[in-house]
Amino acid sequence: MKYLSFILIAFSLLVGSGSAQVEYPNPSLESYGALPQISSAEISPDGTKVATIYNLDGGQRMVVFSLIGDAPIQVGLNNMKARGVSFYDNEHVILRASDTTRTRGFRGEYEFDAAISISLEDNKTRQLLLGTQDLFPAQSGLGRIIGRAEDPGTIYMPAFVGSASSDPSLDLFKVRMDRSRGRRFKRGTKDTIDWFTGEGGKILARERFDNRTNVYKLQAYKDNNWETIKEETYELGPSTMLGVMPDESGLIYVETQEDGFDALMKYGFDGEIEGPLIEPRDQEIESYFTDNNRKIIGVRYSGVTPDYELLDPALQDSYNHISEALPNAVIYLDSWSDNRETILYQVYDPALGDVWLTHNSSTDALSLVASLRPDIPSEAL
């Protein structure tokens, strides 16, 4: 298994409303051509921290900002491609990173990706699943996390298991974020393609697809047994499930309606189909939102400015408020605290510029986290 290297460095930044105001009357062409200072961000479950991918002159770094006055820290990356950051508890940040590599005995290059756990208590870093026994030697998706397990600080990660000459199975591992090795929790099959879990680490379902017969199966986990609730043959590959219903009564998938637009549909664990779950619009669904257990939260529609329909009332209320408070802004919902009190947005506003903001749903206060282009004033964007 490949090892990705990283460096932990402590530092401080002047960011947010406490920063000094500097005027840039004539931004350089280099400023316009540079990457945004922050390319990915996520708020912690308790709403006190924001983890980011920071683009600096010396390369990419992961920077964690405190929203309660603590000093930020950063992790410098050694030639890795940072793909994003996420939180699964308040004590660890998960950095998703990749590297183009080769594996002896396999042809060509492939993109190896990994999940790196960074402890915010002792600054220790661990590549998750590193050292786990019997993993298939050449696989690209080792950084994938599908949900929180029942034990605090523990997550579920799928990975292929088998020797280099075998047809590997996609098994489900339980991994502690303060350790590297995973422990196999559920065995998959050679045609398993995905797993779904619920609150408290409950196993809900898995998907299977046999490439030789083109048979797709959706199986629900009931009374410690797998029950096939859907079985179909697809010539061009199956339309797979997106995520879990908020009440864990089934899975959600996308179905194209007669008008050509997509709709969210429910496939219940009882085999019943319901939907559309959201009133159809004459707009394309551009993306969808999930929580840490892949529960579908809502969708974003395509258009000149993004628009949202959210299944979570607290998040819909927050989006409605910030849209009214910043009527001329382009607003992107990013992430939220578990209690939905603090919501993180990426916003472009003619008066504010290109920024990351938090909205407090209790007080309706908007707070600046960071600017994406601090060298360019809003009036020059």
# chains A, B, ... in the order shown; residues from 1 in each chain; ligands from 1

call {"tool": "select_by_dssp", "arguments": {"residues": "range 180-300 of chain A", "states": "strand (DSSP E or B)", "output": "VMD selection string"}}
result
chain A and resid 182 to 186 192 to 197 203 to 210 215 to 222 225 to 233 243 to 244 250 to 256 262 to 268 273 to 274 285 to 290 295 to 300

call {"tool": "residues_around", "arguments": {"residues": "range 205-219 of chain A", "least_positions_apart": "2", "cutoff": "6 Å", "atoms": "only C-alpha atoms", "output": "CSV table (one decimal) with N, CA and C atoms, in the first residue's frame"}}
result
chain,number,residue,atom,x,y,z
A,191,ASP,N,-18.9,-8.9,-6.4
A,191,ASP,CA,-19.6,-7.9,-7.3
A,191,ASP,C,-20.2,-6.8,-6.4
A,192,THR,N,-19.9,-6.7,-5.2
A,192,THR,CA,-20.3,-5.5,-4.3
A,192,THR,C,-19.7,-4.2,-4.9
A,193,ILE,N,-20.5,-3.2,-5.0
A,193,ILE,CA,-20.0,-1.9,-5.6
A,193,ILE,C,-20.2,-0.8,-4.6
A,194,ASP,N,-21.1,-0.9,-3.6
A,194,ASP,CA,-21.3,0.2,-2.6
A,194,ASP,C,-22.0,-0.3,-1.4
A,195,TRP,N,-21.8,0.5,-0.3
A,195,TRP,CA,-22.4,0.2,1.0
A,195,TRP,C,-23.1,1.4,1.5
A,196,PHE,N,-24.1,1.2,2.4
A,196,PHE,CA,-24.9,2.3,3.0
A,196,PHE,C,-25.1,2.0,4.5
A,221,TYR,N,-30.1,-5.0,4.7
A,221,TYR,CA,-29.6,-5.8,5.8
A,221,TYR,C,-30.7,-5.8,6.8
A,226,TRP,N,-29.0,-10.7,4.4
A,226,TRP,CA,-29.2,-9.8,3.3
A,226,TRP,C,-30.4,-10.2,2.5
A,227,GLU,N,-31.3,-9.3,2.3
A,227,GLU,CA,-32.5,-9.5,1.5
A,227,GLU,C,-32.5,-8.7,0.2
A,228,THR,N,-32.6,-9.4,-0.9
A,228,THR,CA,-32.6,-8.7,-2.2
A,228,THR,C,-34.0,-8.0,-2.4
A,229,ILE,N,-34.0,-6.7,-2.5
A,229,ILE,CA,-35.2,-5.9,-2.7
A,229,ILE,C,-35.4,-5.4,-4.1
A,230,LYS,N,-34.3,-5.5,-4.9
A,230,LYS,CA,-34.4,-5.1,-6.3
A,230,LYS,C,-33.4,-5.9,-7.1
A,231,GLU,N,-33.8,-6.4,-8.2
A,231,GLU,CA,-32.9,-7.2,-9.1
A,231,GLU,C,-33.3,-6.9,-10.5
A,232,GLU,N,-32.3,-6.4,-11.3
A,232,GLU,CA,-32.6,-6.0,-12.7
A,232,GLU,C,-31.4,-6.3,-13.5
A,233,THR,N,-31.6,-6.4,-14.8
A,233,THR,CA,-30.5,-6.6,-15.8
A,233,THR,C,-30.3,-5.3,-16.6
A,234,TYR,N,-29.1,-4.8,-16.6
A,234,TYR,CA,-28.8,-3.5,-17.3
A,234,TYR,C,-27.8,-3.8,-18.4

call {"tool": "residues_around", "arguments": {"residues": "Ser140 in chain A", "least_positions_apart": "5", "cutoff": "6 Å", "atoms": "only C-alpha atoms", "output": "MDAnalysis selection string"}}
result
chainID A and resid 111:113

call {"tool": "write_last_selection", "arguments": {"atoms": "N, CA and C atoms", "output": "JSON list (two decimals), in the first residue's frame"}}
result
[["chain", "number", "residue", "atom", "x", "y", "z"],
["A", 111, "GLU", "N", -4.31, 6.77, -10.24],
["A", 111, "GLU", "CA", -4.37, 7.81, -9.22],
["A", 111, "GLU", "C", -4.69, 7.15, -7.87],
["A", 112, "PHE", "N", -3.67, 7.07, -7.04],
["A", 112, "PHE", "CA", -3.85, 6.51, -5.70],
["A", 112, "PHE", "C", -4.33, 7.62, -4.77],
["A", 113, "ASP", "N", -5.45, 7.39, -4.09],
["A", 113, "ASP", "CA", -5.90, 8.40, -3.15],
["A", 113, "ASP", "C", -6.04, 7.79, -1.75]]

call {"tool": "closest_residue", "arguments": {"among": "A:Pro45, A:Gly84, A:Pro276, A:Pro350", "to": "Gln60 in chain A", "atoms": "only C-alpha atoms"}}
result
A:Gly84

call {"tool": "residues_around", "arguments": {"residues": "range 297-312 of chain A", "least_positions_apart": "2", "cutoff": "6 Å", "atoms": "only C-alpha atoms", "output": "PyMOL selection string"}}
result
chain A and resi 284-290+314-316+330

call {"tool": "write_last_selection", "arguments": {"atoms": "N, CA and C atoms", "output": "short mmCIF file (atom, residue, chain, number, x, y, z; two decimals), in the first residue's frame"}}
result
data_model
loop_
_atom_site.label_atom_id
_atom_site.label_comp_id
_atom_site.auth_asym_id
_atom_site.auth_seq_id
_atom_site.Cartn_x
_atom_site.Cartn_y
_atom_site.Cartn_z
N GLU A 284 -32.30 21.69 -14.28
CA GLU A 284 -31.47 20.52 -14.07
C GLU A 284 -30.94 20.49 -12.64
N ILE A 285 -30.92 19.29 -12.05
CA ILE A 285 -30.26 19.12 -10.76
C ILE A 285 -28.76 19.05 -11.01
N GLU A 286 -28.03 20.03 -10.47
CA GLU A 286 -26.60 20.11 -10.70
C GLU A 286 -25.81 19.24 -9.72
N SER A 287 -26.24 19.20 -8.46
CA SER A 287 -25.56 18.40 -7.45
C SER A 287 -26.52 18.14 -6.30
N TYR A 288 -26.12 17.26 -5.41
CA TYR A 288 -26.95 16.96 -4.25
C TYR A 288 -26.07 16.98 -3.00
N PHE A 289 -26.70 17.13 -1.84
CA PHE A 289 -25.98 17.26 -0.58
C PHE A 289 -26.29 16.07 0.32
N THR A 290 -25.24 15.59 1.00
CA THR A 290 -25.41 14.52 1.98
C THR A 290 -24.71 14.89 3.27
N ALA A 314 -34.14 23.44 8.65
CA ALA A 314 -33.22 24.41 9.26
C ALA A 314 -32.25 24.95 8.22
N LEU A 315 -31.76 24.10 7.34
CA LEU A 315 -30.85 24.56 6.29
C LEU A 315 -31.58 25.40 5.25
N GLN A 316 -32.81 25.02 4.93
CA GLN A 316 -33.59 25.82 3.98
C GLN A 316 -33.86 27.21 4.55
N VAL A 330 -24.04 35.68 -5.23
CA VAL A 330 -24.07 34.29 -5.69
C VAL A 330 -23.66 33.45 -4.49
#

call {"tool": "closest_residue", "arguments": {"among": "A:Ala71, A:Gln37, A:Arg104, A:Asp364", "to": "Glu324 in chain A", "atoms": "only C-alpha atoms"}}
result
A:Asp364

call {"tool": "residues_around", "arguments": {"residues": "Met265 in chain A", "least_positions_apart": "6", "cutoff": "6 Å", "atoms": "only C-alpha atoms", "output": "PyMOL selection string"}}
result
chain A and resi 252-254+274-277

call {"tool": "write_last_selection", "arguments": {"atoms": "C-alpha atoms", "output": "short mmCIF file (atom, residue, chain, number, x, y, z; two decimals), in the first residue's frame"}}
result
data_model
loop_
_atom_site.label_atom_id
_atom_site.label_comp_id
_atom_site.auth_asym_id
_atom_site.auth_seq_id
_atom_site.Cartn_x
_atom_site.Cartn_y
_atom_site.Cartn_z
CA ILE A 252 -32.60 7.78 -2.88
CA TYR A 253 -31.90 7.71 -6.60
CA VAL A 254 -32.40 10.01 -9.59
CA GLU A 274 -42.07 6.83 -3.85
CA GLY A 275 -41.49 10.26 -5.32
CA PRO A 276 -40.63 12.73 -6.54
CA LEU A 277 -39.40 13.71 -3.06
#
